[in-house]
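Engineer: The structure that follows is given in the form of structure tokens.
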Amino acid sequence: MEELEIPVGQQELFVTRYPATGEELVIWIAPGYGSHQRSKKISEKLVKYGVEVWHVDLADSLFLPKNTTTMRGFNGSYVASLIDAAYKKTGKRITLLTRSYGALPLLRGARVWQQRHQQDNSHYLNGAILFSPELYSTVPALGLPPVYADIAYSTNIPIMIYQAGKRGNRWQLTGLLENLRKGGAQVFFRIKKDVIGLFYSGDTSSNTTLILKDIPVEVTKDIKLLSWLDVPKETIQLAPASKSTTNGLDISLKKFKGNRLPLALNLKTINGQQFKRDNYLGKVTVVNFWATWCPPCVEEIPSLNNLRRKMQGKPFELISVNYAESEQAVKQFLKKVNVDFPVLLDESGRVSSDWQVLVYPSTFVITPSGKIEYGVNGAILWDSPEVVDTLKGLLPP
């Protein structure tokens, strides 16, 4: 392993290089947040299969905040220049790899590289490998469909997608594939069942551990597959992104903008009882979607407990729906964290998807007339005087 400084325009990108003897090289773009320990271990194993790896954190190199806003803001110039620099230094074929929101600068970079080399015979870019990619331009208001960035409709390089089966964006995969293929991209995918996140340090399940051991071999095979396909010399016209009226996560109650008729719930509780609710009339109902691996979800539990106590004796109901976790995992969590309200198990994640939940926590407030009045993307203080007074104002006379 060695550290490189790659000049890109007036900037320098800091690259961790894992040299190898083979003819293939992976440029691994970090998503700008989270731990890199698992990606480093996989990089070390790829070297044993003759695949060189260049690992770069764009946000870190450019001294920018490590968040999704930064990743959304990158154009493709840095990645395109890095592709050329890697080829100039090694003469190897390049495969791009990233996860989550790193897919945005990666695909933009591939497009810029194509544009730079339309008039020559450069054929050293294989395509991209994406782990649970997030190609949203912004987080939409709760209840509304995803808003994709322009590059999601305007990329035509070969792509392999690994989708974590229990990640929040699992049930958006079909729509993502449709959008990517609109631009002419050849897209392949693998769904890794029962995985929250292959690179999420909190996902320590035995299944995820076993899959991680196989990833270097799978990636090596993917590189070979992608190398057989052609990266088009010409790019298609950049499609306009859909407009969104929201930006980021909510920090307070927001008027709901989706279909105001709530869907029925028919799930088992953590205690094994069947819970059915298809009539929300006559009381204020709060439906909270959450997961144990989501820190904001856990942080807002005490305030939800307090809210339930403050509404005790009133026509009020608080229901929580756990996203795509096993009964055993949730029970272990509840031994450590006190939850005073019903916990329903959405083990497949389909119910959360049907409710158009994209981020966690997400919470719906239903009025006694049976219509959704408020929706919250993110965690808030549910026991604050403002929120409690608002909910009390919805109670029937």
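The chains in the structure tokens are called A, B, ... from first to last as shown; in each chain the residues are counted from 1, and the ligands are counted from 1 in the order shown.
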Write out as a list in words which residues come within 7 Å of A:Gly127 when counting only C-alpha atoms, dropping same-chain ones fewer than 5 positions away.
Structural biologist: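 With the cut-off at 7 Å, the set is Thr95, Leu96, Ile157, Pro158, Ile159, Leu226 and Val231 of chain A.
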Engineer: Check the DSSP output for the backbone and give back, as a ChimeraX atom specification, the residues of stretch 43-243 of chain A in strand (DSSP E or B).
Structural biologist: /A:51-56,93-99,125-131,136-138,147-148,159-164,187-192
Engineer: Using only C-alpha atoms, determine which residues lie at most 8 Å from A:Ala149, disregarding the query and same-chain residues fewer than 2 positions distant; provide the list as a PyMOL selection string.
Structural biologist: chain A and resi 104+135-137+147+151-153+241-242
Engineer: Using only C-alpha atoms, please write the residues we just selected to a file, as a PDB file, in the first residue's frame.
Structural biologist:
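Saved as part-v2.pdb:
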```
ATOM      1  CA  LEU A 104     -23.385  10.457  -8.495  1.00  0.00           C
ATOM      2  CA  LEU A 135     -29.021   8.552  -7.324  1.00  0.00           C
ATOM      3  CA  TYR A 136     -31.600  10.876  -5.775  1.00  0.00           C
ATOM      4  CA  SER A 137     -31.193  14.578  -6.447  1.00  0.00           C
ATOM      5  CA  VAL A 147     -36.553  12.462  -7.461  1.00  0.00           C
ATOM      6  CA  ILE A 151     -27.217  11.456 -14.569  1.00  0.00           C
ATOM      7  CA  ALA A 152     -29.607   8.616 -13.641  1.00  0.00           C
ATOM      8  CA  TYR A 153     -31.307   9.081 -17.015  1.00  0.00           C
ATOM      9  CA  ALA A 241     -33.813  16.146 -13.635  1.00  0.00           C
ATOM     10  CA  SER A 242     -37.277  16.135 -12.164  1.00  0.00           C
TER      11      SER A 242
END
```
Engineer: I'd like to know which of A:Ser252, A:Ser303, A:Thr367, A:Asn169 is closest to A:Glu386, using only C-alpha atoms.
Structural biologist: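 Looking at the shortest contact to A:Glu386, the residue is A:Ser252.
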Engineer: Considering only C-alpha atoms, can you say which of A:Arg108, A:Arg72, A:Arg167, A:Lys48 comes closest to A:Tyr360?
Structural biologist: A:Arg167
Engineer: Nearest residue to A:Gly313 out of A:Lys283, A:Glu44, A:Arg181, A:Val195, using only C-alpha atoms?
Structural biologist: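 Between A:Lys283, A:Glu44, A:Arg181, A:Val195, the residue approaching A:Gly313 most closely is A:Lys283.
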Engineer: Please extract the residues of stretch 107-266 of chain A with a backbone DSSP assignment of helix (DSSP H, G or I) and present them as a count of residues only.
Structural biologist: 50
Engineer: Would you compute the distance between atom CA of A:Glu52 and atom CA of A:Phe74? Give it in Å to one decimal.
Structural biologist: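 So the two atoms, atom CA of A:Glu52 and atom CA of A:Phe74, lie 25.0 Å apart.
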Engineer: Output as JSON lines one row per residue of stretch 76-104 of chain A within 9 Å of stretch 112-124 of chain A: the closest atom pair and its distance in Å to one decimal place, counting only C-alpha atoms, sorted by chain and residue number ascending.
Structural biologist:
```
{"residue": "A:Gly76", "atom": "CA", "partner": "A:Val112", "partner_atom": "CA", "distance": 5.7}
{"residue": "A:Ser77", "atom": "CA", "partner": "A:Val112", "partner_atom": "CA", "distance": 6.5}
{"residue": "A:Val79", "atom": "CA", "partner": "A:Trp113", "partner_atom": "CA", "distance": 8.2}
{"residue": "A:Ala80", "atom": "CA", "partner": "A:Trp113", "partner_atom": "CA", "distance": 4.7}
{"residue": "A:Ser81", "atom": "CA", "partner": "A:Trp113", "partner_atom": "CA", "distance": 7.6}
{"residue": "A:Ile83", "atom": "CA", "partner": "A:Trp113", "partner_atom": "CA", "distance": 7.7}
{"residue": "A:Asp84", "atom": "CA", "partner": "A:Trp113", "partner_atom": "CA", "distance": 8.1}
{"residue": "A:Tyr87", "atom": "CA", "partner": "A:Tyr124", "partner_atom": "CA", "distance": 7.6}
{"residue": "A:Gly91", "atom": "CA", "partner": "A:Tyr124", "partner_atom": "CA", "distance": 8.5}
{"residue": "A:Lys92", "atom": "CA", "partner": "A:Tyr124", "partner_atom": "CA", "distance": 7.2}
{"residue": "A:Arg93", "atom": "CA", "partner": "A:Tyr124", "partner_atom": "CA", "distance": 4.6}
{"residue": "A:Ile94", "atom": "CA", "partner": "A:Tyr124", "partner_atom": "CA", "distance": 5.9}
{"residue": "A:Thr95", "atom": "CA", "partner": "A:Tyr124", "partner_atom": "CA", "distance": 8.7}
```
Engineer: For those residues, write C-alpha atoms to a file as a compact mmCIF listing (two decimals), in the first residue's frame.
Structural biologist:
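And here is the file that came out, again36.txt:
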```
# COMPACT_ATOMS: atom_id res chain seq x y z
CA GLY A 76 -17.53 14.69 -13.16
CA SER A 77 -14.19 16.40 -13.73
CA VAL A 79 -13.25 11.34 -11.49
CA ALA A 80 -12.62 11.74 -15.24
CA SER A 81 -9.13 13.15 -14.57
CA ILE A 83 -9.29 7.75 -14.72
CA ASP A 84 -6.77 9.27 -17.10
CA TYR A 87 -4.16 4.80 -16.93
CA GLY A 91 -1.48 1.34 -18.44
CA LYS A 92 -4.23 -0.80 -16.90
CA ARG A 93 -7.91 -1.03 -17.74
CA ILE A 94 -10.10 0.88 -15.30
CA THR A 95 -13.27 -0.16 -13.48
```
Engineer: Could you list, as an MDAnalysis selection string, every residue within 10 Å of A:Leu267, counting only C-alpha atoms and ignoring same-chain residues fewer than 3 positions away?
Structural biologist: chainID A and resid 264 270 272:277 321 343:347 351
Engineer: Would you mind listing, for every residue of stretch 4-48 of chain A within 8 Å of stretch 198-202 of chain A, the two atoms forming the shortest contact and the distance between them in Å to one decimal, using only C-alpha atoms, sorted by chain and ascending residue number, as JSON lines?
Structural biologist:
```
{"residue": "A:Gly34", "atom": "CA", "partner": "A:Tyr200", "partner_atom": "CA", "distance": 7.6}
{"residue": "A:Ser35", "atom": "CA", "partner": "A:Ser201", "partner_atom": "CA", "distance": 7.1}
{"residue": "A:His36", "atom": "CA", "partner": "A:Phe199", "partner_atom": "CA", "distance": 7.7}
{"residue": "A:Arg38", "atom": "CA", "partner": "A:Phe199", "partner_atom": "CA", "distance": 5.8}
{"residue": "A:Ser39", "atom": "CA", "partner": "A:Phe199", "partner_atom": "CA", "distance": 7.0}
```
Engineer: Hey, can you spit out that residue selection with N, CA and C atoms as a tab-separated table (two decimals), in the first residue's frame?
Structural biologist:
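Now in out.tsv:
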```
chain	number	residue	atom	x	y	z
A	34	GLY	N	-18.92	7.69	6.65
A	34	GLY	CA	-18.88	6.30	7.11
A	34	GLY	C	-17.46	5.75	7.16
A	35	SER	N	-17.36	4.53	7.65
A	35	SER	CA	-16.07	3.86	7.80
A	35	SER	C	-15.59	3.28	6.48
A	36	HIS	N	-14.26	3.31	6.27
A	36	HIS	CA	-13.67	2.71	5.07
A	36	HIS	C	-12.99	1.37	5.38
A	38	ARG	N	-13.98	-1.75	5.83
A	38	ARG	CA	-14.34	-2.92	5.03
A	38	ARG	C	-13.87	-2.78	3.59
A	39	SER	N	-13.96	-1.57	3.05
A	39	SER	CA	-13.49	-1.37	1.68
A	39	SER	C	-11.98	-1.59	1.60
```
Engineer: How far is it from atom CA of A:Tyr78 to atom CA of A:Tyr49, in Å with one decimal?
Structural biologist: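 According to the coordinates, atom CA of A:Tyr78 and atom CA of A:Tyr49 are separated by 27.5 Å.
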Engineer: Please provide the set of residues having any atom within 12 Å of A:Lys192, restricted to only C-alpha atoms, with same-chain residues fewer than 2 positions apart removed, written as a PDB file with N, CA and C atoms, in the first residue's frame.
Structural biologist:
```
ATOM      1  N   PHE A 131     -22.577  -0.339  -5.299  1.00  0.00           N
ATOM      2  CA  PHE A 131     -23.194  -1.017  -4.165  1.00  0.00           C
ATOM      3  C   PHE A 131     -24.317  -0.149  -3.607  1.00  0.00           C
ATOM      4  N   SER A 132     -25.550  -0.652  -3.677  1.00  0.00           N
ATOM      5  CA  SER A 132     -26.737   0.052  -3.183  1.00  0.00           C
ATOM      6  C   SER A 132     -26.691   1.536  -3.544  1.00  0.00           C
ATOM      7  N   ILE A 161     -24.779  -3.745 -10.340  1.00  0.00           N
ATOM      8  CA  ILE A 161     -25.302  -3.230  -9.079  1.00  0.00           C
ATOM      9  C   ILE A 161     -25.409  -4.359  -8.056  1.00  0.00           C
ATOM     10  N   TYR A 162     -24.893  -4.112  -6.870  1.00  0.00           N
ATOM     11  CA  TYR A 162     -25.120  -4.971  -5.707  1.00  0.00           C
ATOM     12  C   TYR A 162     -26.115  -4.243  -4.803  1.00  0.00           C
ATOM     13  N   GLN A 163     -27.266  -4.829  -4.581  1.00  0.00           N
ATOM     14  CA  GLN A 163     -28.278  -4.181  -3.755  1.00  0.00           C
ATOM     15  C   GLN A 163     -28.452  -4.934  -2.443  1.00  0.00           C
ATOM     16  N   ALA A 164     -28.223  -4.228  -1.319  1.00  0.00           N
ATOM     17  CA  ALA A 164     -28.467  -4.825  -0.006  1.00  0.00           C
ATOM     18  C   ALA A 164     -29.968  -5.027   0.182  1.00  0.00           C
ATOM     19  N   GLY A 165     -30.358  -6.246   0.521  1.00  0.00           N
ATOM     20  CA  GLY A 165     -31.772  -6.599   0.575  1.00  0.00           C
ATOM     21  C   GLY A 165     -32.564  -5.899   1.656  1.00  0.00           C
ATOM     22  N   LYS A 166     -31.886  -5.424   2.703  1.00  0.00           N
ATOM     23  CA  LYS A 166     -32.609  -4.770   3.791  1.00  0.00           C
ATOM     24  C   LYS A 166     -32.238  -3.298   3.944  1.00  0.00           C
ATOM     25  N   ARG A 167     -31.596  -2.764   2.934  1.00  0.00           N
ATOM     26  CA  ARG A 167     -31.309  -1.329   2.944  1.00  0.00           C
ATOM     27  C   ARG A 167     -32.579  -0.568   2.585  1.00  0.00           C
ATOM     28  N   ARG A 170     -34.047  -0.604  -1.012  1.00  0.00           N
ATOM     29  CA  ARG A 170     -34.200  -1.896  -1.692  1.00  0.00           C
ATOM     30  C   ARG A 170     -35.361  -1.891  -2.688  1.00  0.00           C
ATOM     31  N   PHE A 189     -27.553  -6.826 -12.042  1.00  0.00           N
ATOM     32  CA  PHE A 189     -27.694  -6.607 -10.600  1.00  0.00           C
ATOM     33  C   PHE A 189     -27.722  -7.913  -9.838  1.00  0.00           C
ATOM     34  N   ARG A 190     -27.316  -7.804  -8.579  1.00  0.00           N
ATOM     35  CA  ARG A 190     -27.410  -8.904  -7.616  1.00  0.00           C
ATOM     36  C   ARG A 190     -28.030  -8.353  -6.344  1.00  0.00           C
ATOM     37  N   ASP A 194     -31.054 -10.234   3.187  1.00  0.00           N
ATOM     38  CA  ASP A 194     -30.797 -10.147   4.629  1.00  0.00           C
ATOM     39  C   ASP A 194     -29.565  -9.309   4.973  1.00  0.00           C
ATOM     40  N   VAL A 195     -29.160  -8.426   4.063  1.00  0.00           N
ATOM     41  CA  VAL A 195     -28.026  -7.541   4.310  1.00  0.00           C
ATOM     42  C   VAL A 195     -28.533  -6.110   4.475  1.00  0.00           C
ATOM     43  N   ILE A 196     -28.150  -5.452   5.552  1.00  0.00           N
ATOM     44  CA  ILE A 196     -28.472  -4.037   5.739  1.00  0.00           C
ATOM     45  C   ILE A 196     -27.501  -3.195   4.924  1.00  0.00           C
ATOM     46  N   GLY A 197     -26.221  -3.469   5.061  1.00  0.00           N
ATOM     47  CA  GLY A 197     -25.212  -2.752   4.300  1.00  0.00           C
ATOM     48  C   GLY A 197     -23.889  -3.482   4.370  1.00  0.00           C
ATOM     49  N   LEU A 198     -23.353  -3.882   3.231  1.00  0.00           N
ATOM     50  CA  LEU A 198     -22.098  -4.617   3.229  1.00  0.00           C
ATOM     51  C   LEU A 198     -20.957  -3.802   3.829  1.00  0.00           C
ATOM     52  N   ASN A 207     -24.595 -13.715   8.007  1.00  0.00           N
ATOM     53  CA  ASN A 207     -24.840 -13.729   6.575  1.00  0.00           C
ATOM     54  C   ASN A 207     -24.017 -12.657   5.866  1.00  0.00           C
ATOM     55  N   THR A 208     -24.010 -11.458   6.435  1.00  0.00           N
ATOM     56  CA  THR A 208     -23.227 -10.371   5.843  1.00  0.00           C
ATOM     57  C   THR A 208     -21.739 -10.691   5.878  1.00  0.00           C
ATOM     58  N   THR A 209     -21.279 -11.281   6.965  1.00  0.00           N
ATOM     59  CA  THR A 209     -19.863 -11.655   7.086  1.00  0.00           C
ATOM     60  C   THR A 209     -19.458 -12.650   6.008  1.00  0.00           C
ATOM     61  N   LEU A 210     -20.325 -13.628   5.743  1.00  0.00           N
ATOM     62  CA  LEU A 210     -20.036 -14.617   4.700  1.00  0.00           C
ATOM     63  C   LEU A 210     -20.015 -13.979   3.317  1.00  0.00           C
ATOM     64  N   ILE A 211     -20.975 -13.092   3.065  1.00  0.00           N
ATOM     65  CA  ILE A 211     -21.039 -12.435   1.757  1.00  0.00           C
ATOM     66  C   ILE A 211     -19.804 -11.571   1.532  1.00  0.00           C
ATOM     67  N   LEU A 212     -19.357 -10.868   2.570  1.00  0.00           N
ATOM     68  CA  LEU A 212     -18.169 -10.026   2.447  1.00  0.00           C
ATOM     69  C   LEU A 212     -16.946 -10.834   2.027  1.00  0.00           C
ATOM     70  N   ASP A 214     -16.906 -13.288   0.047  1.00  0.00           N
ATOM     71  CA  ASP A 214     -17.017 -13.645  -1.368  1.00  0.00           C
ATOM     72  C   ASP A 214     -16.925 -12.448  -2.307  1.00  0.00           C
ATOM     73  N   ILE A 215     -17.063 -11.239  -1.760  1.00  0.00           N
ATOM     74  CA  ILE A 215     -17.121 -10.055  -2.615  1.00  0.00           C
ATOM     75  C   ILE A 215     -15.874  -9.889  -3.498  1.00  0.00           C
TER      76      ILE A 215
END
```
Engineer: Do a neighbour search on A:Ser384 at 12 Å with only C-alpha atoms, toss out local chain neighbours closer than 5 positions, and write the hits as a list of chain:residue names.
Structural biologist: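 My reading of the contact set: A:Ser252, A:Leu253, A:Glu300, A:Pro302, A:Ser303, A:Leu304, A:Asn306, A:Leu307, A:Lys310, A:Asp389, A:Thr390, A:Leu391.
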Engineer: One decimal, Å: what's the distance from atom CA of A:Gln11 over to atom CA of A:Leu130, could you say?
Structural biologist: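 Rounded to one decimal, the two atoms are 26.0 Å apart.
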Engineer: Find the residues near stretch 332-337 of chain A: any atom within 10 Å, counting only C-alpha atoms, skip ones fewer than 3 places away on the same chain, and give them as a ChimeraX atom specification.
Structural biologist: /A:270,292-293,298,301-302,327-329,340,343
Engineer: Ranking A:Ala59, A:Ala86, A:Ile29, A:Val286 by minimum distance to A:Ile129 and counting only C-alpha atoms, which one comes first?
Structural biologist: A:Ile29
